[in-house]
Every structure is written in C-alpha cells, then in structure tokens.
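The structure file work-v3.cif is reproduced below (mmCIF, C-alpha atoms).
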data_run
#
loop_
_atom_site.label_atom_id
_atom_site.label_comp_id
_atom_site.auth_asym_id
_atom_site.auth_seq_id
_atom_site.Cartn_x
_atom_site.Cartn_y
_atom_site.Cartn_z
CA MET A 1 24.23 205.64 85.59
CA THR A 2 26.06 205.86 82.26
CA ASP A 3 28.99 208.23 81.79
CA HIS A 4 26.77 210.42 79.66
CA ASP A 5 23.98 210.53 82.23
CA PHE A 6 26.48 211.28 84.98
CA GLU A 7 28.02 214.16 83.08
CA THR A 8 24.59 215.47 82.12
CA LEU A 9 23.60 215.49 85.79
CA LEU A 10 26.83 217.29 86.67
CA ALA A 11 26.19 219.93 84.00
CA ARG A 12 22.62 220.43 85.19
CA ALA A 13 23.72 220.68 88.82
CA LEU A 14 25.97 223.55 87.78
CA ARG A 15 23.69 225.25 85.26
CA ASP A 16 20.08 224.64 86.28
CA GLU A 17 18.27 227.85 87.24
CA THR A 18 16.95 226.25 90.43
CA GLN A 19 20.53 225.76 91.59
CA ARG A 20 21.25 229.47 91.78
CA GLY A 21 20.91 229.49 95.56
CA ALA A 22 19.98 232.17 98.04
CA SER A 23 21.13 235.76 97.62
CA PRO A 24 24.28 236.85 99.47
CA GLU A 25 22.11 239.07 101.69
CA ALA A 26 19.91 236.13 102.64
CA ILE A 27 22.94 233.98 103.39
CA VAL A 28 24.29 236.66 105.72
CA ARG A 29 20.93 236.73 107.54
CA ILE A 30 20.74 232.95 107.81
CA ARG A 31 24.28 232.71 109.13
CA ALA A 32 23.63 235.45 111.68
CA ALA A 33 20.45 233.76 112.89
CA GLY A 34 22.33 230.49 113.36
CA HIS A 35 25.24 232.08 115.18
CA GLU A 36 22.82 233.75 117.52
CA HIS A 37 21.02 230.50 118.21
CA LEU A 38 24.27 228.62 118.88
CA ALA A 39 25.48 231.40 121.17
CA ARG A 40 22.28 231.22 123.17
CA ILE A 41 22.68 227.49 123.62
CA ALA A 42 26.34 227.94 124.56
CA ALA A 43 25.20 230.43 127.20
CA GLY A 44 23.04 227.69 128.68
CA ARG A 45 19.75 229.10 127.51
CA THR A 46 17.87 226.41 125.70
CA PRO A 47 15.35 228.01 123.41
CA ALA A 48 11.73 227.53 124.29
CA ALA A 49 12.34 225.28 127.26
CA TRP A 50 10.73 227.85 129.53
CA PHE A 51 7.51 227.73 127.60
CA GLY A 52 7.34 223.96 127.56
CA ARG A 53 7.71 223.91 131.32
CA LEU A 54 4.92 226.40 131.83
CA VAL A 55 2.20 225.10 129.59
CA ASP A 56 3.25 221.50 129.46
CA ALA A 57 3.42 221.72 125.70
CA ALA A 58 5.80 220.09 123.34
CA ALA A 59 7.24 223.43 122.43
CA GLU A 60 9.84 221.90 120.16
CA ALA A 61 7.10 220.32 118.10
CA VAL A 62 6.20 223.57 116.45
CA ARG A 63 8.70 226.24 115.70
CA GLY A 64 8.19 229.81 114.71
CA SER A 65 9.87 231.40 111.79
CA LEU A 66 9.74 235.07 111.05
CA VAL A 67 8.46 235.83 107.63
CA HIS A 68 8.05 239.29 106.28
CA GLU A 69 4.70 240.90 105.96
CA GLN A 70 5.36 244.44 104.86
CA LEU A 71 9.10 244.91 105.06
CA ALA A 72 11.07 243.20 102.35
CA GLY A 73 13.72 240.91 103.66
CA ALA A 74 12.44 240.92 107.19
CA ALA A 75 13.65 237.92 109.05
CA VAL A 76 14.95 236.64 112.33
CA GLY A 77 16.82 239.52 113.85
CA LEU A 78 14.82 242.12 111.94
CA ARG A 79 15.25 245.56 113.40
CA SER A 80 13.76 248.89 112.50
CA THR A 81 14.35 252.33 113.94
CA ALA A 82 10.71 253.17 114.58
CA SER A 83 8.13 250.56 113.82
CA VAL A 84 8.16 246.97 112.76
CA ARG A 85 5.40 244.75 111.52
CA GLN A 86 6.03 241.07 111.41
CA ARG A 87 4.05 237.94 110.82
CA VAL A 88 5.10 234.68 112.31
CA TYR A 89 3.85 231.37 111.04
CA GLY A 90 3.98 227.93 112.58
CA SER A 91 6.41 226.08 110.38
CA ALA A 92 4.95 222.68 111.19
CA GLY A 93 1.50 222.48 109.76
CA GLY A 94 1.09 226.24 109.53
CA ALA A 95 -2.00 226.07 111.72
CA MET A 96 -1.29 229.28 113.53
CA GLU A 97 -0.20 232.77 112.71
CA LEU A 98 1.00 235.59 114.89
CA ASP A 99 0.98 239.20 113.73
CA LEU A 100 3.07 241.69 115.61
CA GLU A 101 3.35 245.43 115.38
CA SER A 102 6.10 246.99 117.46
CA THR A 103 6.34 250.74 117.89
CA GLU A 104 9.00 252.74 119.67
CA GLU A 105 7.38 254.93 122.32
CA GLY A 106 10.13 257.54 122.53
CA ASP A 107 10.83 256.92 126.23
CA GLY A 108 13.07 253.93 125.76
CA THR A 109 10.20 251.49 125.70
CA CYS A 110 8.43 249.72 122.92
CA ARG A 111 4.73 248.94 122.62
CA VAL A 112 3.95 245.63 120.99
CA ARG A 113 0.48 244.79 119.71
CA GLY A 114 -0.24 241.29 118.57
CA LEU A 115 -2.92 239.11 117.10
CA CYS A 116 -3.00 235.30 117.28
CA SER A 117 -5.06 233.58 114.67
CA GLY A 118 -5.54 229.94 113.94
CA PRO A 119 -7.62 227.09 115.27
CA ALA A 120 -10.50 227.68 117.64
CA GLY A 121 -9.67 228.04 121.28
CA HIS A 122 -8.58 230.67 123.72
CA ALA A 123 -5.15 232.08 122.99
CA ARG A 124 -2.46 232.21 125.64
CA VAL A 125 0.56 234.41 125.18
CA LEU A 126 3.73 234.41 127.20
CA VAL A 127 6.56 236.85 126.82
CA LEU A 128 10.09 236.45 128.11
CA GLU A 129 12.05 239.69 128.22
CA GLU A 130 15.78 239.86 127.90
CA GLY A 131 17.44 239.18 131.22
CA ALA A 132 14.22 238.04 132.91
CA ALA A 133 14.32 234.74 134.74
CA GLU A 134 10.71 233.86 134.06
CA PRO A 135 8.19 234.82 131.39
CA ARG A 136 4.99 236.68 132.10
CA GLU A 137 1.59 235.77 130.78
CA LEU A 138 -0.30 238.49 128.96
CA THR A 139 -3.99 239.17 129.01
CA CYS A 140 -5.42 238.04 125.72
CA THR A 141 -8.85 238.97 124.33
CA ALA A 142 -11.31 236.38 123.06
CA ASP A 143 -10.34 237.18 119.48
CA GLY A 144 -6.64 236.66 120.18
CA ARG A 145 -5.42 240.23 120.61
CA PHE A 146 -2.81 241.23 123.16
CA GLU A 147 -0.57 244.15 123.94
CA PHE A 148 2.44 244.83 126.11
CA THR A 149 5.12 247.42 126.70
CA THR A 150 8.72 246.54 127.31
CA ALA A 151 12.06 248.21 127.75
CA SER A 152 13.79 245.13 126.46
CA GLY A 153 15.30 245.28 122.98
CA ARG A 154 14.42 241.67 122.40
CA VAL A 155 11.78 239.27 123.61
CA ASP A 156 10.89 235.64 123.20
CA LEU A 157 7.24 234.95 122.59
CA ALA A 158 5.23 231.80 122.97
CA THR A 159 1.60 231.45 122.09
CA SER A 160 -0.83 228.61 122.21
CA MET A 161 -4.25 228.29 120.65
CA GLY A 162 -6.19 225.10 120.90
CA SER A 163 -3.59 222.38 120.49
CA SER A 164 -1.28 224.57 118.40
CA VAL A 165 1.83 226.10 119.83
CA LEU A 166 4.00 228.76 118.27
CA VAL A 167 7.30 229.72 119.83
CA VAL A 168 9.44 232.55 118.52
CA ASP A 169 12.94 232.94 119.83
CA GLY A 170 14.37 236.39 119.68
CA VAL A 171 12.02 239.02 118.31
CA ASP A 172 14.08 242.18 117.95
CA LEU A 173 12.15 245.30 118.81
CA PRO A 174 12.75 248.85 117.62
CA MET B 1 38.67 219.41 101.10
CA ALA B 2 35.13 220.17 102.25
CA ARG B 3 33.92 218.32 105.32
CA SER B 4 31.26 215.64 105.40
CA ALA B 5 27.71 216.48 106.41
CA GLU B 6 28.05 214.38 109.56
CA ASP B 7 31.17 216.25 110.59
CA ILE B 8 29.55 219.61 109.90
CA ILE B 9 26.51 218.73 112.02
CA ASP B 10 28.65 217.33 114.85
CA ARG B 11 30.57 220.59 114.97
CA CYS B 12 27.32 222.56 114.94
CA LEU B 13 26.11 220.51 117.90
CA ARG B 14 29.30 221.46 119.71
CA GLY B 15 28.38 225.09 119.11
CA GLU B 16 30.97 225.96 116.46
CA ALA B 17 29.73 229.01 114.59
CA ARG B 18 31.92 228.22 111.59
CA ALA B 19 30.24 224.83 111.27
CA TRP B 20 26.87 226.55 110.91
CA ASP B 21 28.29 228.54 108.00
CA ASP B 22 29.37 225.26 106.42
CA PHE B 23 25.90 223.82 106.98
CA VAL B 24 24.32 226.83 105.29
CA ASP B 25 26.77 226.61 102.39
CA ARG B 26 26.05 222.95 101.93
CA TYR B 27 22.26 223.00 102.08
CA GLN B 28 21.00 226.47 101.15
CA ARG B 29 21.00 225.67 97.45
CA LEU B 30 18.96 222.50 97.99
CA VAL B 31 16.28 224.31 99.98
CA TRP B 32 16.26 227.24 97.59
CA SER B 33 15.83 224.90 94.63
CA VAL B 34 12.73 223.32 96.16
CA ALA B 35 11.21 226.76 96.73
CA ARG B 36 12.11 227.78 93.19
CA SER B 37 10.33 224.70 91.90
CA TYR B 38 7.14 226.27 93.19
CA ARG B 39 7.86 229.14 90.83
CA LEU B 40 8.21 231.50 93.76
CA PRO B 41 10.07 234.77 93.22
CA ALA B 42 13.69 234.82 94.33
CA GLU B 43 13.00 236.88 97.46
CA ASP B 44 10.36 234.39 98.61
CA CYS B 45 12.80 231.55 97.93
CA ASP B 46 15.27 233.37 100.18
CA ASP B 47 12.65 233.57 102.94
CA VAL B 48 11.82 229.89 102.60
CA THR B 49 15.52 229.04 102.75
CA GLN B 50 15.95 231.06 105.92
CA ALA B 51 12.87 229.65 107.63
CA VAL B 52 13.80 226.05 106.85
CA LEU B 53 17.50 226.26 107.70
CA VAL B 54 16.86 228.07 110.97
CA ALA B 55 14.22 225.48 111.85
CA ALA B 56 16.79 222.78 111.07
CA LEU B 57 18.95 224.14 113.88
CA ARG B 58 16.49 222.63 116.34
CA HIS B 59 16.72 219.23 114.74
CA LEU B 60 20.44 218.94 114.15
CA ALA B 61 20.88 215.94 116.42
CA ASP B 62 18.37 214.03 114.29
CA LEU B 63 19.97 215.11 111.04
CA ARG B 64 23.45 213.65 111.51
CA ASP B 65 22.72 211.13 108.82
CA PRO B 66 23.32 213.13 105.61
CA ALA B 67 20.52 211.32 103.77
CA LYS B 68 18.08 212.18 106.53
CA ALA B 69 19.27 215.78 106.54
CA ALA B 70 18.53 216.21 102.85
CA SER B 71 15.15 214.49 103.12
CA TRP B 72 14.14 216.53 106.14
CA LEU B 73 15.17 219.77 104.47
CA ILE B 74 13.33 218.90 101.27
CA THR B 75 10.15 217.99 103.13
CA SER B 76 10.32 221.14 105.23
CA ALA B 77 11.06 223.23 102.15
CA HIS B 78 7.99 221.78 100.44
CA ARG B 79 5.78 222.66 103.39
CA GLU B 80 7.15 226.15 103.75
CA SER B 81 7.07 226.81 100.01
CA TRP B 82 3.50 225.64 99.78
CA ARG B 83 2.51 227.90 102.64
CA VAL B 84 4.27 230.91 101.10
CA ALA B 85 2.83 230.10 97.66
CA ARG B 86 -0.68 229.77 99.08
CA ASN B 87 -0.42 233.13 100.84
CA ARG B 88 1.07 234.76 97.78
CA ARG B 89 -1.72 233.41 95.60
CA ARG B 90 -4.29 234.69 98.06
CA THR B 91 -2.72 238.16 97.94
CA VAL B 92 -1.86 238.47 94.30
CA ASP B 93 -5.08 236.94 92.98
CA LEU B 94 -6.71 240.18 94.02
CA VAL B 95 -4.98 241.97 91.18
CA GLY B 96 -5.44 239.04 88.87
CA ASP B 97 -1.98 238.80 87.36
CA PHE B 98 -0.56 235.81 89.12
CA ALA B 99 0.84 232.86 87.28
CA SER B 100 -0.39 229.69 88.94
CA VAL B 101 1.69 228.16 91.66
CA SER B 102 2.42 224.51 91.13
CA GLU B 103 3.88 221.92 93.40
CA PRO B 104 6.80 220.00 91.85
CA ASP B 105 6.10 216.31 91.38
CA ASP B 106 8.06 213.51 93.07
CA ARG B 107 10.24 213.02 90.03
CA ARG B 108 11.29 216.66 90.11
CA ALA B 109 11.96 216.43 93.86
CA THR B 110 14.20 213.39 93.28
CA ASP B 111 15.96 215.28 90.55
CA LEU B 112 16.64 218.23 92.87
CA GLU B 113 18.06 215.87 95.48
CA ALA B 114 20.29 214.26 92.84
CA MET B 115 21.62 217.66 91.86
CA HIS B 116 22.22 218.45 95.51
CA SER B 117 24.14 215.19 95.99
CA MET B 118 26.19 215.98 92.92
CA ARG B 119 27.10 219.43 94.22
CA ALA B 120 27.88 218.06 97.66
CA ALA B 121 30.13 215.40 96.12
CA LEU B 122 31.80 218.07 94.03
CA ASP B 123 32.47 220.24 97.08
CA GLU B 124 33.92 217.27 98.96
CA LEU B 125 36.24 216.62 96.04
CA GLY B 126 38.12 219.84 96.67
CA ASP B 127 40.48 221.59 94.28
CA PRO B 128 41.99 221.22 91.75
CA CYS B 129 39.39 218.66 90.60
CA ARG B 130 36.47 220.77 91.76
CA ALA B 131 37.74 223.89 90.00
CA LEU B 132 38.40 221.99 86.78
CA LEU B 133 35.01 220.28 86.67
CA VAL B 134 33.14 223.46 87.52
CA ALA B 135 35.00 225.27 84.76
CA LEU B 136 34.36 222.48 82.28
CA PHE B 137 30.70 221.84 83.01
CA SER B 138 29.41 225.30 83.87
CA GLU B 139 29.69 226.33 80.25
CA VAL B 140 28.13 224.64 77.24
CA ASP B 141 31.26 224.69 75.12
CA PRO B 142 34.31 225.68 77.19
CA HIS B 143 37.37 227.00 75.41
CA TYR B 144 40.24 224.79 76.57
CA PRO B 145 43.15 227.25 76.06
CA ASP B 146 41.32 229.94 78.08
CA LEU B 147 40.39 227.43 80.70
CA ALA B 148 43.97 226.12 80.94
CA LYS B 149 45.25 229.64 81.40
CA ARG B 150 42.68 230.39 84.06
CA LEU B 151 43.44 227.22 85.99
CA GLY B 152 47.19 227.42 85.46
CA MET B 153 47.54 224.02 83.84
CA PRO B 154 48.80 222.82 80.44
CA VAL B 155 46.09 222.42 77.80
CA GLY B 156 47.24 218.87 77.16
CA SER B 157 46.64 217.79 80.72
CA ILE B 158 43.01 218.93 80.84
CA GLY B 159 41.63 215.80 79.17
CA PRO B 160 43.44 213.21 81.34
CA THR B 161 42.84 215.24 84.52
CA ARG B 162 39.19 215.59 83.62
CA GLY B 163 38.89 211.80 83.34
CA ARG B 164 40.54 211.21 86.71
CA CYS B 165 38.42 213.87 88.38
CA ILE B 166 35.20 212.45 86.95
CA GLU B 167 36.15 209.04 88.38
CA LYS B 168 36.80 210.57 91.80
CA LEU B 169 33.50 212.41 91.61
CA ARG B 170 31.69 209.22 90.66
CA ALA B 171 33.15 207.50 93.71
CA ARG B 172 32.02 210.36 95.95
CA MET B 173 28.59 210.37 94.40
CA GLY B 174 28.40 206.61 94.86
CA ALA B 175 29.10 207.04 98.56
CA HIS B 176 26.27 209.58 98.79
CA LEU B 177 23.82 207.27 97.07
CA GLU B 178 24.92 204.33 99.20
CA ALA B 179 24.39 206.35 102.38
CA LYS B 180 20.95 207.34 101.15
CA SER B 181 19.91 203.75 100.43
CA GLU B 182 20.96 202.48 103.88
#
Once you've parsed the file, please lay out its structure as structure tokens.
Amino acid sequence: MTDHDFETLLARALRDETQRGASPEAIVRIRAAGHEHLARIAAGRTPAAWFGRLVDAAAEAVRGSLVHEQLAGAAVGLRSTASVRQRVYGSAGGAMELDLESTEEGDGTCRVRGLCSGPAGHARVLVLEEGAAEPRELTCTADGRFEFTTASGRVDLATSMGSSVLVVDGVDLP
Amino acid sequence: MARSAEDIIDRCLRGEARAWDDFVDRYQRLVWSVARSYRLPAEDCDDVTQAVLVAALRHLADLRDPAKAASWLITSAHRESWRVARNRRRTVDLVGDFASVSEPDDRRATDLEAMHSMRAALDELGDPCRALLVALFSEVDPHYPDLAKRLGMPVGSIGPTRGRCIEKLRARMGAHLEAKSE
C-alpha cells in the first residue's frame, strides 16, 4: 500500500458514514446484556445447557436474539411496566421466529402468550423460571401457540420446531 | 495503550465485565458498518449490532484469533442485516415508499474490514499519536495552529510527529494484516 493509499484509508476510516457506530443508548444496552451474560456464567449457570440436556439438541447451534417488534429499542433486558411484545428470531439461518406478548396480571404474576412459527413440525416449548432448578414443558397447540403464567420477573425460553431450535436467555417480563 | 483483541477476549472468557466493554468498543463499529451497508436506518443498525455482539458472547472461545473474530462478526452481521432488511422490506413495501435494500458486494465488505483494522490499529497506538492522527485525518483541511493548541504541542512539531505516528500506525496495521493472512 502506498503512503497515499494508506493515508486515504485512514481518512476514510475516520470519516466514512458507515463508521459512525452504534448510538450511545445501544452501546449501553449491549454492554448491559454482556455483563448479565458473564455474571450468569460466573454464577455457574451456563446458558441453555438445561435445554440441550432435555431435548438432546445442539442448543448452542442456534441462538436467540431479541429484536423489537413494536417497541423501539427493545432488546435483551427489555422491560415494560404493563405489557411487552417481543419477537425473537433464530440468528443462525433465521428459520424460526417466536412472538411473545407479556401482560402484567395485577396480582404479581404475568401472563405470557406466545407463537412459534417456522419450519413444519410440532413445536415444543420449555420455560425455565428464575430460581427454578428444572424447566417445565408447556402445552403447545398444533399451530404453535402456547401460554403460561409466572410470578418470575424473568424466564429463559427454549423452543424447537422440526430441526430448528431457538433458545432465549433472559426474557424480562413486566 | 488499548489492548489486543486476543487479550480482550481472554479477559472476557475469565468473566471480566470491563473486558466485555472493551470488546464492544472494538467491534461495534465494524458490525454497525456492515448493517449500514445494507442501507438500514440507524436504529436497525443498532439492533443488528446488539444481536450480533451478544451472539458473539457464546462464541468467544472460538474468536480468540482477531482475524477470525472480525470475519465471524462480519458474516453474522451480513446474515442479521439481511434478515432485518428482508423483514423491513416486507413491512414497508405495503406503503410503497421503500428504497431498495441492497447487499454490499465482497469488495465493499473487504473495504469495511480494512477500515476496521485501521481503527483497531489506531486504538492500539494510544495517545499522543492516536489523538494527533485523529485530529489530522478527521477533517479535510485541518488548521495546524488550532490543532496544535488543542493538542498542547508546538506547531512546528506536528509535521515530524505526524510522520513518526504514521510509521507506527503502518507497523500496527501490518501486524493486523499479517495475522489475518495466517
């Protein structure tokens, strides 16, 4: 690379519009999500291991990532005072989607309604509540709908459909 | 001086929260730039950046090689950006005012990685070289007296210092490219 090319690249790296980077708010969210993940590992709780054991799936092969549906800026750790709608996509291949609607019931519990969509096959859904040693499997309709009530402020969810697996660590509930 | 990618990832694997902040600082711009190349709005680029970096947490042990880390992040950012772009197109097409989403070509992807390597090398350089080069190259035609005042250095030393700093940066950049080619 000539001196001129090198300096041109340096100037572009500092001025190019694509190099602006994430917003400060997004960086705060990303940092918080990472801290939380590291703290969970430090506490000896390996994410998603419980699901892999139960369904003999390579749970680490497909990860979930929370992406907003209706609420701007929704992300891992999203919290609302009354009701939250979230959509979770499989980040590897994107073969599966999970829609969640969480509503505070007013008695300290939260009702979560969900819909799994993706490849053909019966959906299985497991939920691990905060503090619980083992997850519980939910009844799931033929079209992938499920519902549960929990007093936990946070749950882990794992779903499978056909050969696709979607695991979401830490869904904050209202 | 900023730490190397390998060091940052090692510290993340040991559970150091501060190391995760360093990881985010080092790579968020790279991921964001890939998403931006899809002409996604800034808020969607933020979402892509979050999804990809958080997913990277699960693969840290495999990403200790800095070249692999950048490649993995770029590939993941492409996938996630494409998915977000596809969904956005599906939604916004309904109102018919959506500019087409386009996937950046390989040349553009290589260019983004080069810019990332340059910024990483610059961060590793540390101050005062980093501060001087950022001040000199962030503007099209920097005013040396103002710049000297801002950086607290004599105007006459800017030129020679600039030359030395560029050489140091070149060496750092060379190390990045060498690591990538291995």
Using only C-alpha atoms and a distance of at most 6 Å, pull out the residues of chain B that contact chain A, as a PyMOL selection string.
chain B and resi 15+17+21+29+32-33+36+46+50-51+115+137-138
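The closest residue to Arg39 of chain B, picked from B:Val54, B:Ala131, B:Val84, B:Ala69 and counting all atoms listed in the file, is B:Val84.
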From the options B:Arg64, B:Arg79, B:Lys168, B:Arg150, which residue's atoms come nearest to Asp7 of chain B, counting only C-alpha atoms?
B:Arg64
Tell me which of B:Val31, B:Leu132, B:Ala42, B:Ala121 sits closest to Met153 of chain B, counting all atoms listed in the file.
B:Leu132
So how far away is atom CA of Val155 of chain A from atom CA of Glu129 of chain A, in Å?
4.6 Å
Compile the contact shell of Asp22 of chain B as a PyMOL selection string: residues with an atom at most 8 Å away, counting only C-alpha atoms, same-chain residues fewer than 4 positions apart removed.
chain B and resi 8+18+26
